[in-house]
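File shown: input_22.cif. Contents: mmCIF, C-alpha atoms and all ligand atoms.
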data_entry
loop_
_atom_site.label_atom_id
_atom_site.label_comp_id
_atom_site.auth_asym_id
_atom_site.auth_seq_id
_atom_site.Cartn_x
_atom_site.Cartn_y
_atom_site.Cartn_z
CA MET F 1444 88.83 123.12 100.12
CA ARG F 1445 91.53 123.71 97.48
CA GLU F 1446 93.53 125.98 99.78
CA PHE F 1447 94.05 123.13 102.25
CA LEU F 1448 95.40 120.67 99.70
CA PRO F 1449 98.71 120.36 97.87
CA PRO F 1450 98.56 120.84 94.06
CA GLY F 1451 97.07 117.91 92.16
CA TRP F 1452 94.97 116.67 95.07
CA GLY F 1453 91.22 116.75 95.37
CA VAL F 1454 88.23 114.71 96.39
CA GLN F 1455 86.71 112.08 94.19
CA GLY F 1456 83.33 113.82 94.02
CA GLU F 1457 84.79 116.67 91.98
CA ARG F 1458 84.69 114.37 88.96
CA GLY F 1459 82.24 111.71 87.88
CA ILE F 1460 82.16 108.41 89.76
CA ALA F 1461 80.67 105.20 88.34
CA PHE F 1462 78.62 103.35 90.97
CA VAL F 1463 78.08 99.83 89.67
CA ILE F 1464 75.25 98.02 91.39
CA THR F 1465 75.07 94.32 90.90
CA GLY F 1466 73.84 91.17 92.56
CA PRO F 1467 71.87 88.07 91.67
CA SER F 1468 68.49 88.24 90.07
CA GLY F 1469 66.03 88.85 92.92
CA ALA F 1470 68.41 91.04 94.92
CA GLY F 1471 66.22 94.02 94.07
CA LYS F 1472 68.69 96.01 91.97
CA SER F 1473 66.11 97.86 89.88
CA SER F 1474 63.96 98.94 92.85
CA VAL F 1475 67.01 100.08 94.79
CA ILE F 1476 68.35 102.00 91.80
CA ASN F 1477 65.03 103.72 91.09
CA GLU F 1478 64.92 104.92 94.67
CA LEU F 1479 68.56 106.05 94.63
CA LEU F 1480 67.92 108.15 91.52
CA ARG F 1481 64.87 109.69 93.13
CA ARG F 1482 66.72 110.49 96.37
CA ASP F 1483 69.96 111.88 94.94
CA PRO F 1484 69.54 114.17 91.94
CA ARG F 1485 73.28 114.11 91.27
CA LEU F 1486 73.00 110.47 90.23
CA THR F 1487 72.25 109.60 86.60
CA PHE F 1488 71.27 106.17 85.31
CA SER F 1489 73.44 104.54 82.67
CA VAL F 1490 71.06 103.10 80.08
CA SER F 1491 72.20 99.77 78.63
CA ALA F 1492 71.44 98.29 75.24
CA THR F 1493 69.59 94.97 75.13
CA THR F 1494 68.02 92.57 72.66
CA ARG F 1495 65.49 91.43 75.27
CA PRO F 1496 61.86 92.30 74.45
CA LYS F 1497 60.51 95.37 76.24
CA ARG F 1498 58.31 94.69 79.29
CA PRO F 1499 55.00 96.61 79.45
CA ASP F 1500 56.17 99.15 82.04
CA GLU F 1501 59.51 99.85 80.37
CA VAL F 1502 60.40 102.82 78.19
CA HIS F 1503 62.96 102.81 75.37
CA GLY F 1504 65.83 105.15 76.22
CA ARG F 1505 64.92 105.27 79.92
CA ASP F 1506 65.17 101.65 81.07
CA TYR F 1507 67.10 100.25 78.12
CA TYR F 1508 67.84 100.91 74.48
CA PHE F 1509 65.88 98.03 72.97
CA VAL F 1510 67.76 97.03 69.84
CA SER F 1511 67.70 94.19 67.32
CA GLN F 1512 70.29 91.44 67.55
CA GLN F 1513 71.86 92.72 64.34
CA ASP F 1514 72.25 96.25 65.73
CA PHE F 1515 73.60 94.92 69.02
CA LEU F 1516 76.26 92.82 67.32
CA ARG F 1517 77.24 95.81 65.19
CA LEU F 1518 77.69 97.98 68.31
CA ARG F 1519 79.75 95.24 69.91
CA ASP F 1520 81.93 94.64 66.86
CA GLU F 1521 82.57 98.36 66.42
CA GLY F 1522 83.87 98.51 70.02
CA LYS F 1523 81.01 100.73 71.15
CA LEU F 1524 80.28 98.66 74.25
CA LEU F 1525 82.34 98.94 77.41
CA GLU F 1526 81.31 95.39 78.24
CA TRP F 1527 78.58 93.03 77.11
CA THR F 1528 77.10 89.73 78.10
CA GLU F 1529 74.59 87.13 77.01
CA TYR F 1530 72.10 86.48 79.77
CA GLN F 1531 69.23 84.00 79.39
CA GLY F 1532 69.41 84.10 75.61
CA HIS F 1533 69.53 87.89 75.25
CA PHE F 1534 72.38 90.35 74.83
CA TYR F 1535 73.03 93.21 77.23
CA GLY F 1536 75.77 95.83 76.94
CA THR F 1537 76.97 99.14 78.35
CA PRO F 1538 77.38 101.93 75.76
CA ARG F 1539 80.95 103.18 76.08
CA GLU F 1540 80.63 106.67 74.66
CA GLU F 1541 77.60 107.61 76.76
CA VAL F 1542 79.21 106.43 80.01
CA GLU F 1543 82.45 108.27 79.32
CA ARG F 1544 80.68 111.46 78.24
CA LYS F 1545 78.47 111.58 81.35
CA LEU F 1546 81.39 110.89 83.70
CA THR F 1547 83.55 113.49 81.99
CA THR F 1548 80.87 116.13 82.47
CA GLY F 1549 81.03 115.39 86.21
CA LYS F 1550 77.86 113.31 86.54
CA ASP F 1551 77.88 110.37 88.94
CA LEU F 1552 76.54 107.32 87.17
CA VAL F 1553 74.60 104.34 88.45
CA LEU F 1554 74.93 101.16 86.42
CA ASN F 1555 72.68 98.12 86.72
CA VAL F 1556 74.61 95.14 85.36
CA GLU F 1557 74.98 91.47 86.17
CA VAL F 1558 77.93 90.36 88.26
CA ARG F 1559 80.53 89.57 85.59
CA GLY F 1560 79.64 92.76 83.73
CA ALA F 1561 80.31 94.73 86.92
CA LEU F 1562 83.80 93.27 87.19
CA ALA F 1563 84.38 93.89 83.48
CA ILE F 1564 83.50 97.58 83.91
CA ALA F 1565 86.08 97.86 86.69
CA ARG F 1566 88.68 96.41 84.33
CA ALA F 1567 87.65 98.34 81.21
CA GLY F 1568 90.17 101.12 81.82
CA ILE F 1569 87.81 104.09 82.05
CA GLN F 1570 89.56 107.14 83.48
CA HIS F 1571 87.12 107.52 86.37
CA PRO F 1572 86.67 105.83 89.73
CA VAL F 1573 84.49 102.73 89.65
CA VAL F 1574 82.78 101.70 92.88
CA LEU F 1575 81.52 98.12 92.93
CA ILE F 1576 78.50 97.42 95.10
CA PHE F 1577 77.09 93.90 95.52
CA LEU F 1578 73.49 93.65 96.62
CA VAL F 1579 72.07 90.48 98.20
CA PRO F 1580 68.67 89.57 99.56
CA PRO F 1581 68.62 88.64 103.27
CA SER F 1582 68.57 84.85 102.57
CA TRP F 1583 68.41 82.22 99.85
CA GLU F 1584 64.84 81.53 100.80
CA GLU F 1585 63.98 85.16 100.16
CA LEU F 1586 65.87 85.17 96.86
CA VAL F 1587 63.82 82.19 95.62
CA ARG F 1588 60.62 83.81 96.82
CA ARG F 1589 61.38 87.07 95.00
CA ILE F 1590 62.22 85.38 91.72
CA GLU F 1591 59.06 83.25 91.93
CA ALA F 1592 56.96 86.28 92.76
CA ARG F 1593 57.93 87.87 89.46
CA GLY F 1594 55.87 85.21 87.75
CA THR F 1595 57.05 86.37 84.36
CA GLU F 1596 59.04 83.27 83.54
CA PRO F 1597 58.69 79.54 82.95
CA PRO F 1598 60.07 77.17 85.68
CA GLU F 1599 63.24 76.38 83.65
CA ALA F 1600 64.15 80.08 83.67
CA LEU F 1601 63.74 80.16 87.45
CA THR F 1602 66.05 77.16 87.88
CA GLU F 1603 68.54 78.81 85.57
CA ARG F 1604 68.46 82.11 87.50
CA LEU F 1605 69.14 80.22 90.73
CA ARG F 1606 72.06 78.36 89.18
CA ILE F 1607 73.56 81.63 87.96
CA ALA F 1608 73.01 83.22 91.40
CA ARG F 1609 74.98 80.41 93.08
CA GLU F 1610 77.94 81.15 90.80
CA GLU F 1611 77.63 84.89 91.22
CA VAL F 1612 77.88 84.95 95.02
CA GLN F 1613 81.27 83.24 94.73
CA LEU F 1614 82.55 86.53 93.29
CA ILE F 1615 81.52 88.74 96.23
CA PRO F 1616 85.11 89.10 97.54
CA GLU F 1617 86.03 91.00 94.35
CA PHE F 1618 83.64 93.85 95.22
CA HIS F 1619 84.15 96.97 97.34
CA TYR F 1620 80.85 96.89 99.25
CA LEU F 1621 78.23 94.31 100.23
CA VAL F 1622 74.73 95.58 100.96
CA VAL F 1623 71.85 93.44 102.22
CA ASN F 1624 68.50 94.39 100.75
CA ALA F 1625 66.10 93.20 103.44
CA VAL F 1626 64.01 96.39 103.51
CA LEU F 1627 64.28 98.62 100.44
CA GLU F 1628 64.58 101.85 102.41
CA GLY F 1629 67.45 100.46 104.53
CA ALA F 1630 69.46 99.29 101.52
CA VAL F 1631 68.94 102.62 99.76
CA GLU F 1632 70.06 104.55 102.83
CA GLU F 1633 73.23 102.45 103.09
CA ILE F 1634 74.11 102.96 99.43
CA LEU F 1635 73.53 106.70 99.77
CA CYS F 1636 76.06 106.66 102.63
CA ILE F 1637 78.54 104.84 100.38
CA VAL F 1638 77.92 107.41 97.62
CA ARG F 1639 78.53 110.30 100.01
CA ALA F 1640 81.66 108.73 101.48
CA GLU F 1641 83.13 107.96 98.05
CA ARG F 1642 82.61 111.57 96.98
CA ARG F 1643 84.75 112.74 99.91
CA ARG F 1644 87.56 110.24 99.26
CA LEU F 1645 90.89 112.00 98.77
CA VAL F 1646 92.55 111.41 95.43
CA ARG F 1647 95.55 112.56 93.55
CA TRP F 1648 94.36 113.46 90.05
CA SER F 1649 96.79 112.38 87.40
CA GLY F 1650 95.56 114.80 84.72
P1 LIG W 1 66.58 92.15 83.06
O1 LIG W 1 66.34 91.40 81.79
O2 LIG W 1 65.89 91.53 84.25
O3 LIG W 1 66.31 93.63 82.92
O4 LIG W 1 68.15 92.06 83.36
C1 LIG W 1 68.78 90.83 83.41
C2 LIG W 1 70.18 91.03 83.91
O5 LIG W 1 70.97 91.77 82.98
C3 LIG W 1 70.23 91.83 85.22
O6 LIG W 1 71.09 91.14 86.12
C4 LIG W 1 70.84 93.15 84.82
O7 LIG W 1 71.59 93.72 85.87
C5 LIG W 1 71.74 92.72 83.67
N1 LIG W 1 72.12 93.82 82.77
C6 LIG W 1 71.38 94.87 82.36
N2 LIG W 1 72.10 95.67 81.56
C7 LIG W 1 73.34 95.13 81.46
C8 LIG W 1 74.55 95.51 80.78
O8 LIG W 1 74.64 96.51 80.10
N3 LIG W 1 75.61 94.68 80.92
C9 LIG W 1 75.56 93.56 81.67
N4 LIG W 1 76.67 92.84 81.75
N5 LIG W 1 74.46 93.17 82.32
C10 LIG W 1 73.35 93.94 82.22
#
What would you get if you wrote out this structure as structure tokens?
Ligand code: 5GP
Amino acid sequence: MREFLPPGWGVQGERGIAFVITGPSGAGKSSVINELLRRDPRLTFSVSATTRPKRPDEVHGRDYYFVSQQDFLRLRDEGKLLEWTEYQGHFYGTPREEVERKLTTGKDLVLNVEVRGALAIARAGIQHPVVLIFLVPPSWEELVRRIEARGTEPPEALTERLRIAREEVQLIPEFHYLVVNAVLEGAVEEILCIVRAERRRLVRWSG
């Protein structure tokens, strides 16, 4: 490929790309991401830190770094988080050093963050391409159904998640891609197409 290009040019896939997957609660981010990671071995999950209690099926260091509030605030205050947010009474944040290290070693990263966190990552000034993907369920009705089906939360939390979702969809125009998650397999296939296309995007490397 090199021989066809002028000096300094390449394709984006030669270096690490951050694929940020976001969307309202109930869009199916976690299921989609698990399937993406299974289907494309070049993708690596970016593990966030959180103060939320661990759910039974979750593993520390795989799904999240489960930390105390004190430790989280220390990480934040020492500038070790690329972005952070408080969501439903718990803190969530993206570890800066880990993201930068993985991208620098040429790994493509998948990040699961809420909507404002996704936009914050795009603005955080990391020296790698950031691709912003917004995932939505096929309808509001379906979104409500999916959140209710979780059954892990009291009714006030459900109402709160819906209120947040209404605000979040207002921000869709700030994203690069919109994917509808009606059937898991279809959404995954579409995102894999986006991943492949982004890797072939021509870029002029500055360094
Ligand atoms: P859950 O508690 O259901 O795992 O996640 C709640 C929300 O927090 C989800 O929308 C998830 O995408 C978001 N989230 C997880 N990690 C991070 C993070 O590091 N930063 C931000 N901003 N949001 C996160």
Within-9 Å residues of ligand LIG 1 (chain W), basis all atoms listed in the file, as number ranges by chain: F: 1464-1469, 1472-1473, 1489-1493, 1495-1498, 1506-1507, 1524-1531, 1533-1538, 1554-1564
Name the residues within 9 Å of (70.6, 94.6, 102.7), counting all atoms listed in the file in the file's coordinates, and put them as a ChimeraX atom specification. /F:1470,1578-1581,1621-1627,1629-1631,1633
Skip Gln1570 of chain F itself and residues of its chain fewer than 3 positions away, then list as a list in words all residues within 10 Å of it, counting all atoms listed in the file.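 Once the adjacent positions are removed, what remains is Gly1459, Ile1460, Glu1543, Leu1546, Thr1547, Ala1567, Val1573, Ser1649 and Gly1650 of chain F.
Taking atom CA of Thr1487 of chain F and atom CA of Leu1586 of chain F as endpoints, the distance between them is 27.3 Å.
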Ranking F:Leu1605, F:Val1502, F:Val1612, F:Val1454 by minimum distance to Glu1584 of chain F and counting all atoms listed in the file, which one comes first?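 When distances to Glu1584 of chain F are compared using all atoms listed in the file, the smallest one comes from F:Leu1605.
Reported to one decimal place, the separation of atom CA of Pro1616 of chain F from atom CA of Trp1583 of chain F is 18.2 Å.
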Which residues come within 12 Å of Leu1635 of chain F, counting all atoms listed in the file, excluding same-chain residues fewer than 2 positions away, as a VMD selection string? chain F and resid 1462 1475 to 1476 1478 to 1486 1553 1576 1622 1628 to 1633 1637 to 1642
Interatomic distance between atom CA of Gly1549 of chain F and atom CA of Tyr1620 of chain F?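 Separation of atom CA of Gly1549 of chain F and atom CA of Tyr1620 of chain F: 22.6 Å.
Between Arg1544 of chain F and the residues F:Arg1458, F:Arg1644, F:Arg1588, F:Arg1505, the shortest atom-to-atom distance, using all atoms listed in the file, involves F:Arg1458.
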Using all atoms listed in the file: which of F:Glu1541, F:Glu1501, F:Asp1520, F:Asp1551 has the shortest distance to Gln1455 of chain F: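 Closest residue, counting all atoms listed in the file: F:Asp1551.
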With distances taken over all atoms listed in the file, which of F:Ala1461, F:Leu1516, F:Ala1608, F:Leu1552 is nearest to Thr1494 of chain F?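 Smallest separation from Thr1494 of chain F among the options: F:Leu1516.
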Quick one: of F:Ile1607, F:Leu1518, F:Cys1636, F:Phe1488, who's nearest to Val1542 of chain F, counting only C-alpha atoms? F:Phe1488
Calculated over only C-alpha atoms, which of the candidates F:Arg1519, F:Glu1446, F:Glu1457, F:Leu1601 has the smallest distance to Leu1645 of chain F?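 Result for the nearest residue to Leu1645 of chain F: F:Glu1457.
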